[in-house]
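Trainee: My questions all concern the structure below.
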Amino acid sequence: MKKIFGWLHLWLGIVSGLVVLVVAGTGSLLVFEEELEHAFRSSFFYVEAPANTSRQPLDNLTAYVLRENPKYKVLTIGVEPEANRSIVYLLVKGKPKEIKNQLYVAVNPYSGQIISSVAGNKRFFSVVLQLHRYLCMGETGKIITGISCSIFTILILTGLILWWPKRNNRKQRFRVKWNASFKRLNWDLHAVFGFYVHIILFVIAVTGLVWSYKWANNLIYLAFDGNTKQQKVVAPASKPVENTGIAYLDKIVATTNEKLPYEGKITIRFADTDTLAVSAAKENRSRHDNVSDFLYFEAGTAKLLKVRLYDNESAGTIARRWVYPIHTGSLYGVPTKIIALIAALVAFTLPISGFLIWMGRKKKKPTAKAKKKLPVDKTVNSRVQVQ
């Protein structure tokens, strides 16, 4: 059985190795996406908050952004609770899911000036995410990463079976022999480090399948709600309202903070059509990551139409919202992110060390066969027998 698992581990690793390398490498970057982006592009996200100066109306800022970018429409507006944060707009045109049609715009809420605009296909982490999920190949890439993710789960299980030590060999399998030869050290790095993070990698791989396959997503709802029908969230209908002179976007922010009196970022999202309500999602920072409550408002008047609270969602919907923070390691902040980062970095090295192990065995086999087939000099043997 170990020979069979060894054969599976080898050839499945060779087939998926390059994709695993790309997905693990990009995944390690995405773990601390927010922290890295804020550190290297702080001027995009942070502004000076002048004393005794109030923010300009959000409606005025939005109108100005649209005047400066007439080919786009607003998809989302990100409003942070801190006074020194910029307002970040996501503008879209054409097919909004294509990053080339996306534009990120940061605005100073006090001066009303646009700080910077970045096209989606030029934003570093947008490209990294496209590599991570689609290999920058659209739906074809999604199929490839999905298959590779499935193979990776098998590699984790077969790797554990191949690692499993005999009774007299347990100490060796739990530690790396740093002073050994390169060949032995490389094997230890592959097997021992792989063992220590195998549970984390297995969870990351399994949760990754949720984005790749509809059946994996449906399994969550089947397990927690008893059926595979995902509760489709649709914004309530909202009649188009002409300009009433009301600063309704500021009213949306004020009502959201009043109804949901905890600290967190507010993301205003506009529907695809004017016949649907505008939504405002507020992150609850007092709980684990990816917990948000939703309010729906009538565009133009900010009349509250519907409240959708996290705690009132179905068990399946709540479980589905856990998938993202578990997959990215953001569930409980920095500590779980560090664990996910270490696991992703180990996963990045596994195809490399595995390939070196395979190459070492390929070089060894021909020499071993050559030794077995050394020709025997019969004349020497006959002379020895005569003497």
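Just remember, in the structure tokens the first chain shown is A, the second B, etc., residues are 1-based per chain, and ligands are 1-based in the order shown.
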Apply DSSP to the structure's backbone, then extract all residues of region 154-289 of chain A labelled alpha helix (DSSP H) and return them as a ChimeraX atom specification.
Mentor: /A:154-163,170-174,182-196,198-212,214-225,248-259
Trainee: Residues at most 7 Å from Thr145 (chain A), counting only C-alpha atoms, excluding those fewer than 2 positions away in the same chain, as a PyMOL selection string?
Mentor: chain A and resi 19+133-134+141-143+147-149
Trainee: Could you save those same residues with N, CA and C atoms as an mmCIF file, in the first residue's frame?
Mentor:
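Writing the result to part_19.cif gives the following:
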data_model
loop_
_atom_site.group_PDB
_atom_site.id
_atom_site.type_symbol
_atom_site.label_atom_id
_atom_site.label_comp_id
_atom_site.auth_asym_id
_atom_site.auth_seq_id
_atom_site.Cartn_x
_atom_site.Cartn_y
_atom_site.Cartn_z
ATOM 1 N N VAL A 19 1.392 24.568 -10.247
ATOM 2 C CA VAL A 19 0.204 25.336 -9.841
ATOM 3 C C VAL A 19 0.195 25.545 -8.333
ATOM 4 N N ARG A 133 -6.460 32.745 -7.778
ATOM 5 C CA ARG A 133 -7.732 32.066 -8.053
ATOM 6 C C ARG A 133 -7.888 31.604 -9.497
ATOM 7 N N TYR A 134 -7.323 32.368 -10.431
ATOM 8 C CA TYR A 134 -7.568 32.085 -11.851
ATOM 9 C C TYR A 134 -6.303 31.912 -12.689
ATOM 10 N N GLY A 141 -8.449 29.050 -15.927
ATOM 11 C CA GLY A 141 -7.563 29.038 -14.765
ATOM 12 C C GLY A 141 -8.265 28.564 -13.510
ATOM 13 N N LYS A 142 -9.543 28.920 -13.377
ATOM 14 C CA LYS A 142 -10.318 28.483 -12.218
ATOM 15 C C LYS A 142 -10.446 26.961 -12.201
ATOM 16 N N ILE A 143 -10.646 26.361 -13.366
ATOM 17 C CA ILE A 143 -10.731 24.896 -13.464
ATOM 18 C C ILE A 143 -9.402 24.263 -13.073
ATOM 19 N N ILE A 147 -8.771 21.810 -9.825
ATOM 20 C CA ILE A 147 -8.237 20.441 -9.924
ATOM 21 C C ILE A 147 -6.972 20.302 -9.082
ATOM 22 N N SER A 148 -6.099 21.296 -9.152
ATOM 23 C CA SER A 148 -4.851 21.262 -8.387
ATOM 24 C C SER A 148 -5.113 21.298 -6.885
ATOM 25 N N CYS A 149 -6.128 22.055 -6.481
ATOM 26 C CA CYS A 149 -6.499 22.109 -5.060
ATOM 27 C C CYS A 149 -7.008 20.751 -4.592
#
Trainee: Would you work out the distance separating CA of Gly13 (chain A) from CA of Leu209 (chain A), expressed in Å to one decimal?
Mentor: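 Atom-to-atom, CA of Gly13 (chain A) to CA of Leu209 (chain A), that is 17.9 Å.
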Trainee: Just the residues within 9 Å of Thr349 (chain A), please, counting only C-alpha atoms, with nothing from its chain fewer than 4 positions along; format it as a ChimeraX atom specification.
Mentor: /A:21,24,189-190,344-345,353-354
Trainee: Where does DSSP see strand (DSSP E) in region 101-276 of chain A, if you list the residues as an MDAnalysis selection string?
Mentor: chainID A and resid 102:107 114:119 266:269
Trainee: Can I get the selection written as a compact mmCIF listing (two decimals), in the first residue's frame, with all heavy atoms?
Mentor:
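selection.txt, written as the output of this step:
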# COMPACT_ATOMS: atom_id res chain seq x y z
N GLN A 102 -12.10 47.94 -13.50
CA GLN A 102 -12.24 48.45 -12.13
C GLN A 102 -11.27 49.60 -11.88
O GLN A 102 -10.15 49.60 -12.41
CB GLN A 102 -12.00 47.33 -11.11
CG GLN A 102 -12.98 46.18 -11.21
CD GLN A 102 -12.61 45.02 -10.30
OE1 GLN A 102 -11.59 45.03 -9.62
NE2 GLN A 102 -13.46 44.00 -10.30
N LEU A 103 -11.70 50.55 -11.08
CA LEU A 103 -10.86 51.70 -10.74
C LEU A 103 -11.04 52.03 -9.27
O LEU A 103 -12.16 52.25 -8.80
CB LEU A 103 -11.23 52.91 -11.60
CG LEU A 103 -10.38 54.17 -11.40
CD1 LEU A 103 -8.97 53.96 -11.92
CD2 LEU A 103 -11.02 55.37 -12.10
N TYR A 104 -9.93 52.03 -8.53
CA TYR A 104 -9.95 52.38 -7.10
C TYR A 104 -9.56 53.84 -6.95
O TYR A 104 -8.51 54.27 -7.46
CB TYR A 104 -8.99 51.49 -6.32
CG TYR A 104 -9.39 50.03 -6.28
CD1 TYR A 104 -9.03 49.16 -7.31
CD2 TYR A 104 -10.13 49.53 -5.22
CE1 TYR A 104 -9.41 47.83 -7.28
CE2 TYR A 104 -10.51 48.19 -5.18
CZ TYR A 104 -10.15 47.36 -6.22
OH TYR A 104 -10.52 46.03 -6.18
N VAL A 105 -10.40 54.61 -6.26
CA VAL A 105 -10.17 56.05 -6.10
C VAL A 105 -10.21 56.40 -4.61
O VAL A 105 -11.18 56.09 -3.92
CB VAL A 105 -11.23 56.87 -6.86
CG1 VAL A 105 -10.96 58.37 -6.69
CG2 VAL A 105 -11.26 56.50 -8.34
N ALA A 106 -9.13 57.04 -4.13
CA ALA A 106 -9.07 57.48 -2.74
C ALA A 106 -9.29 58.99 -2.69
O ALA A 106 -8.67 59.74 -3.47
CB ALA A 106 -7.73 57.12 -2.12
N VAL A 107 -10.16 59.44 -1.78
CA VAL A 107 -10.52 60.86 -1.68
C VAL A 107 -10.27 61.35 -0.26
O VAL A 107 -10.58 60.65 0.72
CB VAL A 107 -12.01 61.07 -2.06
CG1 VAL A 107 -12.39 62.54 -1.94
CG2 VAL A 107 -12.27 60.56 -3.47
N ILE A 114 -9.10 64.33 -4.84
CA ILE A 114 -8.76 62.94 -5.12
C ILE A 114 -7.28 62.73 -4.83
O ILE A 114 -6.42 63.43 -5.38
CB ILE A 114 -9.08 62.58 -6.58
CG1 ILE A 114 -10.59 62.58 -6.81
CG2 ILE A 114 -8.50 61.20 -6.95
CD1 ILE A 114 -11.01 62.33 -8.24
N ILE A 115 -6.98 61.80 -3.94
CA ILE A 115 -5.58 61.51 -3.57
C ILE A 115 -4.88 60.74 -4.67
O ILE A 115 -3.79 61.09 -5.10
CB ILE A 115 -5.54 60.70 -2.25
CG1 ILE A 115 -6.20 61.49 -1.12
CG2 ILE A 115 -4.10 60.33 -1.90
CD1 ILE A 115 -6.45 60.65 0.12
N SER A 116 -5.54 59.68 -5.13
CA SER A 116 -4.94 58.82 -6.15
C SER A 116 -6.01 57.93 -6.76
O SER A 116 -7.03 57.65 -6.13
CB SER A 116 -3.83 57.96 -5.54
OG SER A 116 -3.25 57.12 -6.50
N SER A 117 -5.75 57.51 -8.00
CA SER A 117 -6.63 56.55 -8.69
C SER A 117 -5.77 55.41 -9.21
O SER A 117 -4.73 55.66 -9.82
CB SER A 117 -7.37 57.22 -9.85
OG SER A 117 -8.18 58.28 -9.38
N VAL A 118 -6.22 54.19 -8.98
CA VAL A 118 -5.45 53.02 -9.41
C VAL A 118 -6.37 52.07 -10.17
O VAL A 118 -7.40 51.64 -9.64
CB VAL A 118 -4.82 52.27 -8.21
CG1 VAL A 118 -3.97 51.10 -8.70
CG2 VAL A 118 -3.99 53.22 -7.36
N ALA A 119 -5.99 51.74 -11.40
CA ALA A 119 -6.76 50.76 -12.18
C ALA A 119 -6.63 49.39 -11.55
O ALA A 119 -5.58 49.03 -11.00
CB ALA A 119 -6.26 50.74 -13.62
N ILE A 266 -17.88 50.79 7.22
CA ILE A 266 -19.16 50.75 6.51
C ILE A 266 -18.86 50.72 5.01
O ILE A 266 -18.11 51.56 4.50
CB ILE A 266 -20.04 51.96 6.85
CG1 ILE A 266 -20.43 51.93 8.33
CG2 ILE A 266 -21.30 51.98 5.98
CD1 ILE A 266 -21.18 53.17 8.79
N THR A 267 -19.44 49.75 4.34
CA THR A 267 -19.30 49.65 2.88
C THR A 267 -20.67 49.85 2.25
O THR A 267 -21.57 49.01 2.43
CB THR A 267 -18.71 48.30 2.45
OG1 THR A 267 -17.44 48.13 3.06
CG2 THR A 267 -18.56 48.24 0.94
N ILE A 268 -20.83 50.97 1.54
CA ILE A 268 -22.08 51.24 0.81
C ILE A 268 -21.95 50.62 -0.57
O ILE A 268 -20.97 50.85 -1.28
CB ILE A 268 -22.33 52.75 0.70
CG1 ILE A 268 -22.46 53.37 2.11
CG2 ILE A 268 -23.59 53.03 -0.11
CD1 ILE A 268 -22.52 54.90 2.10
N ARG A 269 -22.94 49.81 -0.95
CA ARG A 269 -22.89 49.14 -2.25
C ARG A 269 -24.15 49.47 -3.04
O ARG A 269 -25.27 49.37 -2.53
CB ARG A 269 -22.78 47.62 -2.06
CG ARG A 269 -22.59 46.85 -3.37
CD ARG A 269 -22.51 45.37 -3.14
NE ARG A 269 -22.23 44.66 -4.37
CZ ARG A 269 -21.03 44.35 -4.83
NH1 ARG A 269 -19.97 44.69 -4.12
NH2 ARG A 269 -20.85 43.70 -5.96
Trainee: Find the residue from A:Phe294, A:Trp178, A:Tyr221, A:Phe202 that sits nearest to Phe152 (chain A); use only C-alpha atoms when measuring.
Mentor: A:Phe202
Trainee: Of the residues A:Gly264, A:Gly316, A:Gly78, A:Gly245, which is the one nearest to Ala302 (chain A), using only C-alpha atoms?
Mentor: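 Result for the nearest residue to Ala302 (chain A): A:Gly245.
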Trainee: Need to verify the contact set: region 32-38 of chain A, 8 Å, only C-alpha atoms, exclusion of same-chain residues closer than 4 positions in sequence. Can you return it as a list in words?
Mentor: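 Listing them by chain and then by number gives Ser28, Ser42, Phe44, Phe45, Phe125 and Lys337 of chain A.
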Trainee: Would you save the residues of that selection, restricted to all heavy atoms, as a CSV table (one decimal), in the first residue's frame?
Mentor:
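Now in result.csv:
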chain,number,residue,atom,x,y,z
A,28,SER,N,0.5,33.2,0.3
A,28,SER,CA,1.3,33.8,1.4
A,28,SER,C,1.3,35.3,1.4
A,28,SER,O,1.4,35.9,2.5
A,28,SER,CB,2.7,33.2,1.4
A,28,SER,OG,3.3,33.6,0.2
A,42,SER,N,0.6,54.0,2.1
A,42,SER,CA,-0.1,54.6,3.2
A,42,SER,C,-0.8,55.9,2.8
A,42,SER,O,-1.9,56.2,3.3
A,42,SER,CB,0.8,54.9,4.4
A,42,SER,OG,1.9,55.8,3.9
A,44,PHE,N,-2.4,56.5,0.2
A,44,PHE,CA,-3.7,56.1,-0.4
A,44,PHE,C,-4.8,56.0,0.6
A,44,PHE,O,-6.0,56.3,0.4
A,44,PHE,CB,-3.6,54.9,-1.2
A,44,PHE,CG,-4.8,54.5,-2.1
A,44,PHE,CD1,-4.8,55.1,-3.4
A,44,PHE,CD2,-5.8,53.7,-1.7
A,44,PHE,CE1,-5.9,54.8,-4.2
A,44,PHE,CE2,-6.9,53.4,-2.5
A,44,PHE,CZ,-6.9,54.0,-3.8
A,45,PHE,N,-4.5,55.5,1.8
A,45,PHE,CA,-5.5,55.1,2.8
A,45,PHE,C,-5.5,56.1,4.0
A,45,PHE,O,-6.5,56.1,4.7
A,45,PHE,CB,-5.2,53.7,3.4
A,45,PHE,CG,-5.2,52.7,2.3
A,45,PHE,CD1,-4.1,52.2,1.7
A,45,PHE,CD2,-6.5,52.1,2.0
A,45,PHE,CE1,-4.1,51.2,0.7
A,45,PHE,CE2,-6.5,51.1,1.0
A,45,PHE,CZ,-5.4,50.7,0.4
A,125,PHE,N,-2.3,43.8,-5.5
A,125,PHE,CA,-3.0,42.7,-4.8
A,125,PHE,C,-4.2,42.2,-5.7
A,125,PHE,O,-4.6,41.1,-5.5
A,125,PHE,CB,-3.4,43.1,-3.4
A,125,PHE,CG,-2.3,42.9,-2.4
A,125,PHE,CD1,-1.6,44.0,-2.0
A,125,PHE,CD2,-1.9,41.7,-2.0
A,125,PHE,CE1,-0.6,43.9,-1.1
A,125,PHE,CE2,-0.8,41.5,-1.1
A,125,PHE,CZ,-0.2,42.7,-0.7
A,337,LYS,N,-3.3,34.6,11.4
A,337,LYS,CA,-2.6,35.0,10.2
A,337,LYS,C,-1.2,34.5,10.1
A,337,LYS,O,-0.7,34.0,9.1
A,337,LYS,CB,-2.7,36.5,10.0
A,337,LYS,CG,-4.0,37.1,9.5
A,337,LYS,CD,-3.9,38.5,9.2
A,337,LYS,CE,-5.2,39.1,8.6
A,337,LYS,NZ,-5.1,40.5,8.2
Trainee: In terms of the shortest atom-to-atom distance over only C-alpha atoms, which of A:Ile199, A:Ile252, A:Ala247, A:Leu66 is closest to Gly159 (chain A)?
Mentor: A:Ile199
Trainee: Hey, which bits of region 32-144 of chain A sit within 12 Å of region 260-263 of chain A, and for each residue what's the closest pair of atoms and how far apart in Å (one decimal), counting only C-alpha atoms, rows by chain and increasing number, as JSON lines?
Mentor:
{"residue": "A:Val79", "atom": "CA", "partner": "A:Glu263", "partner_atom": "CA", "distance": 11.6}
{"residue": "A:Glu80", "atom": "CA", "partner": "A:Glu263", "partner_atom": "CA", "distance": 9.2}
{"residue": "A:Pro81", "atom": "CA", "partner": "A:Glu263", "partner_atom": "CA", "distance": 6.8}
{"residue": "A:Glu82", "atom": "CA", "partner": "A:Glu263", "partner_atom": "CA", "distance": 9.4}
Trainee: Identify, on the basis of only C-alpha atoms, every residue whose closest approach to Lys95 (chain A) does not exceed 12 Å; exclude the query and any residue fewer than 3 positions from it along the same chain; express the result as JSON, numbers by chain.
Mentor: {"A": [72, 73, 75, 91, 92, 98, 99, 100, 101, 102, 272]}
Trainee: Skip Asp293 (chain A) itself and residues of its chain fewer than 3 positions away, then list as a VMD selection string all residues within 6 Å of it, counting only C-alpha atoms.
Mentor: chain A and resid 281 to 282 309 to 310
Trainee: Calculated over only C-alpha atoms, which of the candidates A:Gly333, A:Gly138, A:Gly112, A:Gly27 has the smallest distance to Lys97 (chain A)?
Mentor: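 For Lys97 (chain A), the nearest of the given residues is A:Gly138.
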Trainee: Using only C-alpha atoms for the distances, tell me which of A:Gly300, A:Pro351, A:Gly208, A:Gly329 is nearest to Leu249 (chain A).
Mentor: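 Distance minimum relative to Leu249 (chain A) lands on A:Gly300.
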Trainee: For the atom pair CA of Asn84 (chain A) and CA of Lys265 (chain A), what is the interatomic distance in Å to one decimal place?
Mentor: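 Atom-to-atom, CA of Asn84 (chain A) to CA of Lys265 (chain A), that is 13.2 Å.
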Trainee: What lies within 12 Å of Trp164 (chain A) using only C-alpha atoms, ignoring chain neighbours under 5 positions off, as a ChimeraX atom specification?
Mentor: /A:2,157-159,169-174,191-192,194-195
Trainee: Deliver the residues from the most recent selection as a file, using N, CA, C and O atoms, as an mmCIF file, in the first residue's frame.
Mentor:
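Everything below was put into selection_6.cif:
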data_model
loop_
_atom_site.group_PDB
_atom_site.id
_atom_site.type_symbol
_atom_site.label_atom_id
_atom_site.label_comp_id
_atom_site.auth_asym_id
_atom_site.auth_seq_id
_atom_site.Cartn_x
_atom_site.Cartn_y
_atom_site.Cartn_z
ATOM 1 N N LYS A 2 1.995 1.215 0.730
ATOM 2 C CA LYS A 2 2.869 2.387 0.750
ATOM 3 C C LYS A 2 3.456 2.655 -0.624
ATOM 4 O O LYS A 2 3.690 3.800 -1.003
ATOM 5 N N LEU A 157 -2.835 13.833 2.347
ATOM 6 C CA LEU A 157 -3.183 12.551 2.971
ATOM 7 C C LEU A 157 -2.157 11.474 2.654
ATOM 8 O O LEU A 157 -1.718 10.730 3.543
ATOM 9 N N THR A 158 -1.741 11.367 1.378
ATOM 10 C CA THR A 158 -0.737 10.357 1.014
ATOM 11 C C THR A 158 0.614 10.686 1.633
ATOM 12 O O THR A 158 1.360 9.793 2.030
ATOM 13 N N GLY A 159 0.921 11.972 1.737
ATOM 14 C CA GLY A 159 2.171 12.381 2.383
ATOM 15 C C GLY A 159 2.208 11.984 3.843
ATOM 16 O O GLY A 159 3.246 11.559 4.362
ATOM 17 N N ASN A 169 11.539 4.381 14.804
ATOM 18 C CA ASN A 169 12.015 5.462 13.954
ATOM 19 C C ASN A 169 11.238 6.758 14.178
ATOM 20 O O ASN A 169 11.246 7.646 13.329
ATOM 21 N N ARG A 170 10.581 6.876 15.327
ATOM 22 C CA ARG A 170 9.678 8.013 15.544
ATOM 23 C C ARG A 170 10.419 9.324 15.754
ATOM 24 O O ARG A 170 10.028 10.356 15.218
ATOM 25 N N LYS A 171 11.505 9.297 16.537
ATOM 26 C CA LYS A 171 12.232 10.536 16.832
ATOM 27 C C LYS A 171 12.749 11.188 15.566
ATOM 28 O O LYS A 171 12.722 12.406 15.410
ATOM 29 N N GLN A 172 13.205 10.364 14.655
ATOM 30 C CA GLN A 172 13.773 10.861 13.399
ATOM 31 C C GLN A 172 12.731 11.601 12.576
ATOM 32 O O GLN A 172 13.046 12.586 11.912
ATOM 33 N N ARG A 173 11.480 11.156 12.614
ATOM 34 C CA ARG A 173 10.438 11.746 11.766
ATOM 35 C C ARG A 173 9.860 13.041 12.337
ATOM 36 O O ARG A 173 9.067 13.692 11.673
ATOM 37 N N PHE A 174 10.222 13.383 13.574
ATOM 38 C CA PHE A 174 9.667 14.595 14.186
ATOM 39 C C PHE A 174 10.646 15.762 14.187
ATOM 40 O O PHE A 174 10.291 16.853 14.615
ATOM 41 N N ALA A 191 9.431 16.348 4.462
ATOM 42 C CA ALA A 191 8.571 15.444 5.230
ATOM 43 C C ALA A 191 8.209 15.984 6.612
ATOM 44 O O ALA A 191 7.039 15.968 7.006
ATOM 45 N N VAL A 192 9.208 16.479 7.343
ATOM 46 C CA VAL A 192 8.967 16.910 8.731
ATOM 47 C C VAL A 192 8.159 18.202 8.761
ATOM 48 O O VAL A 192 7.161 18.304 9.473
ATOM 49 N N GLY A 194 6.337 19.357 6.388
ATOM 50 C CA GLY A 194 5.027 19.029 5.831
ATOM 51 C C GLY A 194 4.107 18.416 6.859
ATOM 52 O O GLY A 194 2.901 18.711 6.897
ATOM 53 N N PHE A 195 4.672 17.571 7.730
ATOM 54 C CA PHE A 195 3.853 16.951 8.777
ATOM 55 C C PHE A 195 3.322 17.989 9.761
ATOM 56 O O PHE A 195 2.139 17.973 10.123
#
Trainee: Determine the nearest neighbour of Ile4 (chain A) from the options A:Leu162, A:Leu295, A:Val323, A:Ala39, counting only C-alpha atoms.
Mentor: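 Residue with the minimum atom-to-atom distance to Ile4 (chain A): A:Leu162.
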